[in-house]
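Beneath this line is the structure, given in structure tokens, with notes to follow.
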Amino acid sequence: MCGILGIIDFEGRSIDPALLTSMTDSLTHRGPDGAGYVYVNTVTSQSTFWKTNPRGPEVVSSANVAFGHRRLSILDLEDGTQPMSNEDETLWLTYNGEIYNAAELRADLTARGHGFSTDHSDTEVILHAYEEWGEAHVEKLRGMFAYGLIDTRKGRLFLARDRVGQKPLYYATTSSGLIFASELKALLLHPAINPVVDPTAIADYFQFGHIPSPKTIFRGIHKMRPAHFFSLDMTKPGAIDPDRETRYWRLSFSPDPAVKHDEWVERLESDLTEAVRIRMVSDVPLGAFLSGGLDSAAVVALMSEASPRAVRTFTIGFDEEQFDESSHARSVAERFASEHVETRVKPDALSVVSQLARQFDEPFADFSAVPTHYVCEASRQHLTVALSGDGGDEALSGYARYRKFQTIGSFVDWVPTPLRRALFGALLSVIPSTVRGNRFADFASADGGERYARLVSMGSWKELASEDLLAEVGDYDPKDRIRRLWDGAAHNDPIARMQSVDIQSYMPEDTLTKVDRASMLNSVEVRSPFLDHFLLETIARIPSIAHIDEVGGKALLRALLRPRLDRGALLRPKRGFTLPLELWFRNELYDDLDRLISAPGSFLSNVSSIRYARASLQAHRKGLKNLSGPLWQLYFLEHWARVYG
């Protein structure tokens with residue numbers, strides 16, 4: 001993996017070398033193995049490339065485009081330096097990612113007359129693919145990626161992000177141009193950026209625990225959406241905003257009921273095996289994260305069958321027995337005779353949360369980022385590339401909320417909609433919010449997208465918000481995005497709709513953001529076979545009835561693993577890497593959060609209800625209710641504000 005950066009001035013002004021260097025250096029954690037810089041004059045096609053920090057403004061005085069790159073060497077260790085150009089230096093590319101079909105594309109392009117100067121660099125494949133197929137080249141790439149490309153022959157800038165959003169890409173406009181980077185922190189170093197918090201982004205965060213693309217925490221800075229690209233004419237770029245992004249891929253759910261169950265298992269096994277195999281190509285040490293769940297177990301099982309040597313596996317364990325799954329991971333490792341490394345950790349949230357706040361750049365409330373960071377940190381001593389089971393829950397209906405949605409529907413959806421709304425609406429008015437039945441009535445009174453929006457919410461954002469934030473946000477409703485995605489799903493089946501919504505929202509904005517930032521903080525590349533778009537397209541044709549059985553979701557994956565795992569492992573409830581957060585907020589984190597809430601002039605005092613925060617903290621400590629989720633939201637938000645506020 002790598003860190004990428006670009007500064008483009010559409011009016012022809014030269015780029016400051018010191019600025020390019022400092023912005024690029026802020027991404028060193030993403031690429032500790034080396035740096036590269038290029039300055040390009042898009043009018044004359046002249047360019048200057050540096051492998052070390054550029055010196056001398058006279059060298060680049062006429063350059064109106066500058067790319068920076070920080071490299072984590074994975075493939076073609078000697079020849080893969082970036083930014084990279086084509087033969088005549090009319091194309092320049094700064095790229096972050098892995099293209100798993102690079103060898104096939106290279107063979108195709110060679111047959112079409114293209115010559116390659118590197119041994120097996122996937123970066124050079126993208127350059128020649130662009131030469132051959134233009135903008136359509138992005139549709140031929142199989143992998144995870146984010147990149148910027150300058151075409152001086154056509155005077156165009158091309159930015160792209162992979163189909164499911166594994167690799168990030170931030171961008172913002174300046175008074176005369178555009179800047180882009182792998183992480184928001186790099187953009188904040190540009191003097192033209194004046195970061196102002198977007199109050200609707202705080203509302204998004206309080207509702208869902210993250211901020212959905214194309215929005216960021218700051219006004220005027222955007223995240224490119226997954227499966228989108230920009231292609232801009234630099235002579236007349238016009239307004240540059242998310243409305244200009246072009247979508248190049250959409251996962252279409254079209255179930256095929258004619259295919260029998262056993263055949264779906266065979267197809268899933270074939271596609272997943274291929275997805276694992278192509279992700280095992282590496283010129284540096286490689287292994288797998290193993291949590292003890294089905295997804296990571298499936299990846300390790302298929303890796304062990306494809307590898308001539310023992311697979312390296314890594315897990316972490318906790319002292320709190322009810323949160324520790326290391327014994328389950330160990331049993332899977334023994335089953336497949338892996339070289340297993342188990343690290344016992346006692347997470348220190350007081351120290352790591354500020355580090356993560358700086359790394360994530362934006363408020364991010366998924367507390368599993370902490371153990372993800374620890375497993376990446378522990379594994380970095382042994383490897384540079386790790387395969388993981390990320391994406392399995394979304395692809396194979398693994399979340400408990402899928403079955404919960406079905407259960408609620410089976411109880412109430414036979415009631416005509418007006419009567420159901422009136423009945424459960426009346427119940428809501430008399431059942432206290434602290435009573436379990438209130439939540440059921442809340443779900444039951446809603447339809448489709450609204451019901452799912454409530455299921456994926458962390459709570460009501462208005463409970464957490466201050467009066468000032470409520471006034472600033474006005475009529476904005478964070479749940480509208482989920483409703484739109486639900487209504488835009490092509491298939492009426494509720495399971496398929498939930499998968500479609502999650503793959504476009506929760507997966508890229510939460511799961512994949514967590515994995516990218518935590519792994520890059522530790523300079524580890526994580527590859528996820530379940531996110532292979534060919535595999536996802538196969539899964540999108542599977543009827544939802546095949547995904548969920550009496551045990552829960554992932555019925556097909558259990559069938560695939562039945563010859564490989566014992567019954568206990570197949571039926572074990574999902575947990576993954578988690579934390580004893582509930583206990584922490586009754587003990588070591590209680591005083592710290594209480595202090596943050598009470599601190600005069602804190603960010604929390606401006607955007608959150610201090611009365612609600614204190615009441616929640618007290619109720620949680622007394623054991624009246626597990627409120628560790630919203631408490632962590634507040635805790636992380638204040639630490640983020642102290643880094644970026």
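In the structure tokens, each chain is lettered A, B, ... as it comes, each chain's residues begin at 1, and ligands are numbered from 1 in order of appearance.
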
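Residue-level DSSP output for region 28-151 of chain A, from the backbone, shows alpha helix (DSSP H) at Ala102, Ala103, Glu104, Leu105, Arg106, Ala107, Asp108, Leu109, Thr110, Ala111, Asp122, Thr123, Glu124, Val125, Ile126, Leu127, His128, Ala129, Tyr130, Glu131, Glu132 and Trp133 of chain A.
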
Can you spit out the residues from that selection as a compact mmCIF listing (two decimals), in the first residue's frame, using C-alpha atoms?
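Once written, again_3.txt looks like this:
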```txt
# COMPACT_ATOMS: atom_id res chain seq x y z
CA ALA A 102 -2.11 -7.33 -13.53
CA ALA A 103 -0.37 -10.35 -15.09
CA GLU A 104 -3.32 -11.07 -17.38
CA LEU A 105 -3.65 -7.43 -18.37
CA ARG A 106 0.09 -7.19 -19.01
CA ALA A 107 -0.08 -10.19 -21.34
CA ASP A 108 -3.06 -8.70 -23.19
CA LEU A 109 -1.39 -5.30 -23.51
CA THR A 110 1.88 -6.85 -24.68
CA ALA A 111 -0.01 -8.70 -27.40
CA ASP A 122 1.00 -3.32 -11.55
CA THR A 123 1.51 0.46 -11.61
CA GLU A 124 2.89 0.28 -15.14
CA VAL A 125 -0.06 -1.91 -16.16
CA ILE A 126 -2.48 0.90 -15.23
CA LEU A 127 -0.53 3.37 -17.40
CA HIS A 128 -0.65 1.14 -20.46
CA ALA A 129 -4.26 0.17 -19.80
CA TYR A 130 -5.14 3.87 -19.87
CA GLU A 131 -3.22 4.29 -23.14
CA GLU A 132 -5.11 1.39 -24.69
CA TRP A 133 -8.66 1.85 -23.38
```

inquiry  = When you look at region 222-236 of chain A with a cut-off of 9 Å (counting only C-alpha atoms), what residues show up, excluding the ones that are within fewer than 3 positions of it in the same chain? I need them as a PyMOL selection string.
reply    = chain A and resi 8-11+42+135+138+154-172+184+212-219+240-242+244-250+504+508

Go ahead and write the residues just picked, N, CA and C atoms, as a compact mmCIF listing (two decimals), in the first residue's frame.
```txt
# COMPACT_ATOMS: atom_id res chain seq x y z
N ILE A 8 -2.74 20.38 -8.26
CA ILE A 8 -2.95 20.80 -9.65
C ILE A 8 -3.40 22.25 -9.66
N ASP A 9 -2.74 23.06 -10.45
CA ASP A 9 -3.14 24.46 -10.62
C ASP A 9 -3.62 24.65 -12.05
N PHE A 10 -4.90 24.86 -12.24
CA PHE A 10 -5.47 24.98 -13.58
C PHE A 10 -5.09 26.28 -14.27
N GLU A 11 -4.60 27.25 -13.51
CA GLU A 11 -4.22 28.54 -14.09
C GLU A 11 -2.73 28.62 -14.40
N THR A 42 1.82 20.81 -17.99
CA THR A 42 0.86 20.15 -18.87
C THR A 42 0.75 20.81 -20.23
N GLU A 135 -10.64 6.07 -20.58
CA GLU A 135 -11.35 6.06 -19.31
C GLU A 135 -11.89 4.68 -18.97
N VAL A 138 -10.50 1.61 -16.28
CA VAL A 138 -10.77 1.35 -14.87
C VAL A 138 -11.70 0.16 -14.69
N LYS A 154 -3.72 15.01 -23.75
CA LYS A 154 -5.12 15.43 -23.82
C LYS A 154 -5.45 16.54 -22.83
N GLY A 155 -4.48 16.90 -21.98
CA GLY A 155 -4.73 17.93 -20.99
C GLY A 155 -5.79 17.52 -19.98
N ARG A 156 -5.74 16.24 -19.54
CA ARG A 156 -6.78 15.73 -18.65
C ARG A 156 -6.18 15.18 -17.36
N LEU A 157 -6.98 15.31 -16.32
CA LEU A 157 -6.68 14.70 -15.03
C LEU A 157 -7.70 13.60 -14.78
N PHE A 158 -7.22 12.43 -14.36
CA PHE A 158 -8.10 11.29 -14.10
C PHE A 158 -7.87 10.82 -12.67
N LEU A 159 -8.93 10.78 -11.86
CA LEU A 159 -8.89 10.27 -10.50
C LEU A 159 -9.88 9.12 -10.39
N ALA A 160 -9.51 8.05 -9.70
CA ALA A 160 -10.41 6.89 -9.60
C ALA A 160 -10.26 6.21 -8.25
N ARG A 161 -11.36 5.55 -7.84
CA ARG A 161 -11.38 4.77 -6.61
C ARG A 161 -12.00 3.41 -6.89
N ASP A 162 -11.55 2.37 -6.18
CA ASP A 162 -11.99 1.01 -6.47
C ASP A 162 -13.48 0.81 -6.19
N ARG A 163 -13.99 -0.34 -6.63
CA ARG A 163 -15.43 -0.58 -6.66
C ARG A 163 -16.11 -0.56 -5.31
N VAL A 164 -15.47 -1.10 -4.29
CA VAL A 164 -16.13 -1.19 -2.98
C VAL A 164 -15.55 -0.24 -1.94
N GLY A 165 -14.52 0.51 -2.31
CA GLY A 165 -14.00 1.53 -1.40
C GLY A 165 -12.96 1.05 -0.42
N GLN A 166 -12.09 0.13 -0.84
CA GLN A 166 -11.04 -0.34 0.06
C GLN A 166 -9.96 0.71 0.27
N LYS A 167 -9.67 1.48 -0.78
CA LYS A 167 -8.63 2.50 -0.70
C LYS A 167 -9.26 3.90 -0.75
N PRO A 168 -8.83 4.80 0.13
CA PRO A 168 -9.47 6.11 0.24
C PRO A 168 -8.91 7.13 -0.75
N LEU A 169 -9.72 8.14 -1.05
CA LEU A 169 -9.29 9.25 -1.89
C LEU A 169 -10.07 10.50 -1.49
N TYR A 170 -9.35 11.48 -0.94
CA TYR A 170 -9.93 12.76 -0.53
C TYR A 170 -9.54 13.82 -1.56
N TYR A 171 -10.42 14.80 -1.75
CA TYR A 171 -10.07 15.90 -2.65
C TYR A 171 -10.75 17.19 -2.22
N ALA A 172 -10.17 18.30 -2.64
CA ALA A 172 -10.73 19.62 -2.35
C ALA A 172 -10.27 20.58 -3.43
N LEU A 184 -7.06 12.76 4.70
CA LEU A 184 -7.47 14.15 4.85
C LEU A 184 -6.37 15.00 5.46
N PRO A 212 -20.51 9.58 6.08
CA PRO A 212 -20.57 8.93 4.77
C PRO A 212 -20.04 9.81 3.64
N SER A 213 -19.39 9.17 2.66
CA SER A 213 -18.95 9.89 1.47
C SER A 213 -20.18 10.29 0.65
N PRO A 214 -20.08 11.38 -0.09
CA PRO A 214 -18.87 12.16 -0.39
C PRO A 214 -18.54 13.23 0.65
N LYS A 215 -19.26 13.22 1.75
CA LYS A 215 -19.04 14.22 2.79
C LYS A 215 -17.81 13.87 3.62
N THR A 216 -17.20 14.89 4.25
CA THR A 216 -16.21 14.69 5.31
C THR A 216 -16.62 15.56 6.48
N ILE A 217 -15.84 15.51 7.54
CA ILE A 217 -16.14 16.33 8.71
C ILE A 217 -16.02 17.81 8.40
N PHE A 218 -15.26 18.16 7.35
CA PHE A 218 -15.04 19.57 7.01
C PHE A 218 -15.77 19.95 5.72
N ARG A 219 -16.36 21.11 5.73
CA ARG A 219 -17.00 21.63 4.53
C ARG A 219 -15.97 21.84 3.43
N ILE A 240 -15.78 21.57 -9.49
CA ILE A 240 -15.33 20.21 -9.16
C ILE A 240 -15.95 19.82 -7.83
N ASP A 241 -16.93 18.97 -7.88
CA ASP A 241 -17.62 18.53 -6.68
C ASP A 241 -18.18 17.13 -6.93
N PRO A 242 -18.77 16.51 -5.93
CA PRO A 242 -19.25 15.13 -6.09
C PRO A 242 -20.25 14.94 -7.23
N ARG A 244 -19.88 15.80 -10.13
CA ARG A 244 -19.12 15.54 -11.36
C ARG A 244 -18.54 14.12 -11.39
N GLU A 245 -18.63 13.39 -10.30
CA GLU A 245 -18.08 12.03 -10.27
C GLU A 245 -18.91 11.12 -11.18
N THR A 246 -18.23 10.22 -11.88
CA THR A 246 -18.89 9.26 -12.78
C THR A 246 -18.84 7.87 -12.15
N ARG A 247 -19.99 7.21 -12.09
CA ARG A 247 -20.03 5.86 -11.54
C ARG A 247 -19.73 4.86 -12.65
N TYR A 248 -18.81 3.92 -12.40
CA TYR A 248 -18.43 2.97 -13.45
C TYR A 248 -18.83 1.53 -13.13
N TRP A 249 -19.38 1.28 -11.91
CA TRP A 249 -19.76 -0.09 -11.54
C TRP A 249 -20.87 -0.02 -10.51
N ARG A 250 -21.82 -0.92 -10.63
CA ARG A 250 -22.89 -1.04 -9.65
C ARG A 250 -23.21 -2.51 -9.48
N GLN A 504 -22.91 -0.47 -0.02
CA GLN A 504 -22.71 0.92 -0.47
C GLN A 504 -22.50 1.89 0.69
N PRO A 508 -18.06 0.35 3.14
CA PRO A 508 -16.96 1.27 2.83
C PRO A 508 -16.72 2.34 3.89
```

Would you mind listing what lies within 12 Å of Asn492 (chain A) as a PDB file with N, CA and C atoms, in the first residue's frame, with only C-alpha atoms counted and same-chain residues fewer than 3 positions away left out?
```pdb
ATOM      1  N   PHE A 253     -28.301  -6.877  -7.820  1.00  0.00           N
ATOM      2  CA  PHE A 253     -28.834  -8.108  -7.245  1.00  0.00           C
ATOM      3  C   PHE A 253     -29.962  -8.634  -8.128  1.00  0.00           C
ATOM      4  N   SER A 254     -29.710  -9.785  -8.761  1.00  0.00           N
ATOM      5  CA  SER A 254     -30.701 -10.409  -9.639  1.00  0.00           C
ATOM      6  C   SER A 254     -30.690 -11.906  -9.388  1.00  0.00           C
ATOM      7  N   PRO A 255     -31.348 -12.357  -8.329  1.00  0.00           N
ATOM      8  CA  PRO A 255     -31.308 -13.767  -7.927  1.00  0.00           C
ATOM      9  C   PRO A 255     -31.765 -14.714  -9.030  1.00  0.00           C
ATOM     10  N   GLY A 448     -39.754  -0.469   5.292  1.00  0.00           N
ATOM     11  CA  GLY A 448     -38.569  -0.621   4.464  1.00  0.00           C
ATOM     12  C   GLY A 448     -37.331   0.129   4.885  1.00  0.00           C
ATOM     13  N   GLY A 449     -37.002   1.170   4.100  1.00  0.00           N
ATOM     14  CA  GLY A 449     -35.769   1.911   4.295  1.00  0.00           C
ATOM     15  C   GLY A 449     -35.681   2.573   5.652  1.00  0.00           C
ATOM     16  N   TRP A 486     -32.007   2.373  -0.056  1.00  0.00           N
ATOM     17  CA  TRP A 486     -33.016   1.316   0.013  1.00  0.00           C
ATOM     18  C   TRP A 486     -33.983   1.427  -1.159  1.00  0.00           C
ATOM     19  N   ASP A 487     -34.481   2.627  -1.385  1.00  0.00           N
ATOM     20  CA  ASP A 487     -35.447   2.838  -2.469  1.00  0.00           C
ATOM     21  C   ASP A 487     -34.811   2.633  -3.833  1.00  0.00           C
ATOM     22  N   GLY A 488     -33.481   2.847  -3.931  1.00  0.00           N
ATOM     23  CA  GLY A 488     -32.800   2.704  -5.214  1.00  0.00           C
ATOM     24  C   GLY A 488     -32.381   1.289  -5.534  1.00  0.00           C
ATOM     25  N   ALA A 489     -32.550   0.362  -4.585  1.00  0.00           N
ATOM     26  CA  ALA A 489     -32.187  -1.033  -4.840  1.00  0.00           C
ATOM     27  C   ALA A 489     -33.118  -1.622  -5.885  1.00  0.00           C
ATOM     28  N   ILE A 495     -33.662  -9.012   2.057  1.00  0.00           N
ATOM     29  CA  ILE A 495     -32.276  -9.397   2.336  1.00  0.00           C
ATOM     30  C   ILE A 495     -31.347  -8.805   1.284  1.00  0.00           C
ATOM     31  N   ALA A 496     -31.744  -8.917   0.005  1.00  0.00           N
ATOM     32  CA  ALA A 496     -30.931  -8.339  -1.068  1.00  0.00           C
ATOM     33  C   ALA A 496     -30.817  -6.829  -0.900  1.00  0.00           C
ATOM     34  N   ARG A 497     -31.892  -6.184  -0.479  1.00  0.00           N
ATOM     35  CA  ARG A 497     -31.839  -4.736  -0.262  1.00  0.00           C
ATOM     36  C   ARG A 497     -30.865  -4.388   0.866  1.00  0.00           C
ATOM     37  N   MET A 498     -30.916  -5.165   1.943  1.00  0.00           N
ATOM     38  CA  MET A 498     -29.999  -4.895   3.052  1.00  0.00           C
ATOM     39  C   MET A 498     -28.548  -5.091   2.625  1.00  0.00           C
ATOM     40  N   GLN A 499     -28.290  -6.155   1.877  1.00  0.00           N
ATOM     41  CA  GLN A 499     -26.927  -6.361   1.364  1.00  0.00           C
ATOM     42  C   GLN A 499     -26.504  -5.185   0.493  1.00  0.00           C
ATOM     43  N   SER A 500     -27.390  -4.758  -0.400  1.00  0.00           N
ATOM     44  CA  SER A 500     -27.077  -3.653  -1.302  1.00  0.00           C
ATOM     45  C   SER A 500     -26.772  -2.377  -0.538  1.00  0.00           C
ATOM     46  N   PRO A 543     -30.273 -16.424  -4.466  1.00  0.00           N
ATOM     47  CA  PRO A 543     -31.518 -16.051  -3.768  1.00  0.00           C
ATOM     48  C   PRO A 543     -31.267 -15.925  -2.267  1.00  0.00           C
ATOM     49  N   SER A 544     -31.903 -14.950  -1.646  1.00  0.00           N
ATOM     50  CA  SER A 544     -31.648 -14.691  -0.227  1.00  0.00           C
ATOM     51  C   SER A 544     -32.031 -15.862   0.654  1.00  0.00           C
TER      52      SER A 544
END
```

message = Need to verify the contact set: Ala181 (chain A), 10 Å, only C-alpha atoms, exclusion of same-chain residues closer than 3 positions in sequence. Can you return it as an NGL selection string?
response = :A and (3-7 or 23-24 or 27 or 67-69 or 94 or 146-148 or 168-172 or 184-187 or 223)

Near Gly474 (chain A), counting only C-alpha atoms, which residues have an atom at most 10 Å away, once you skip same-chain residues fewer than 5 positions from it, shown as a PDB file with N, CA and C atoms, in the first residue's frame?
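Output file selection.pdb follows:
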```
ATOM      1  N   PRO A 199     -21.736  20.939  10.456  1.00  0.00           N
ATOM      2  CA  PRO A 199     -22.612  20.430  11.524  1.00  0.00           C
ATOM      3  C   PRO A 199     -23.433  19.217  11.109  1.00  0.00           C
ATOM      4  N   THR A 200     -23.773  19.108   9.812  1.00  0.00           N
ATOM      5  CA  THR A 200     -24.527  17.916   9.391  1.00  0.00           C
ATOM      6  C   THR A 200     -23.658  16.667   9.456  1.00  0.00           C
ATOM      7  N   LEU A 469     -26.390  22.654  18.097  1.00  0.00           N
ATOM      8  CA  LEU A 469     -26.229  21.796  16.918  1.00  0.00           C
ATOM      9  C   LEU A 469     -27.580  21.530  16.261  1.00  0.00           C
TER      10      LEU A 469
END
```

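With only C-alpha atoms taken into account, the protein and nucleic acid residues at most 6 Å from Leu93 (chain A) (excluding it and anything under 6 positions from it in its own chain) are Pro83, Met84, Gly148 and Leu149 of chain A.
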
task = Considering only C-alpha atoms, return as a ChimeraX atom specification whatever protein or nucleic-acid residues lie within 7 Å of Phe360 (chain A), sequence-local ones (same chain, fewer than 3 positions apart) excluded.
result = /A:356-357,517

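For the set A:Leu72, A:Ala258, A:Ile316, A:Ala18, the residue with the smallest atom-to-atom gap to Asp283 (chain A) is A:Leu72, counting only C-alpha atoms.
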
query = Between A:Leu589, A:Val526, A:Val345, A:Ile15, which is the closest to Thr513 (chain A) once you count only C-alpha atoms?
reply = A:Val526

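Distance annotation: of A:Arg527, A:His190, A:His261, A:Arg564, the residue with the minimal separation from Val332 (chain A) is A:Arg564; atom set is only C-alpha atoms.
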
query = Of the candidates A:Arg611, A:Arg451, A:Arg642, A:Lys260, which shows the shortest atom-to-atom distance to Gln406 (chain A), using only C-alpha atoms?
reply = A:Arg451

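Across the structure, CA of Gly220 (chain A) and CA of Ile193 (chain A) are spaced 8.7 Å apart.
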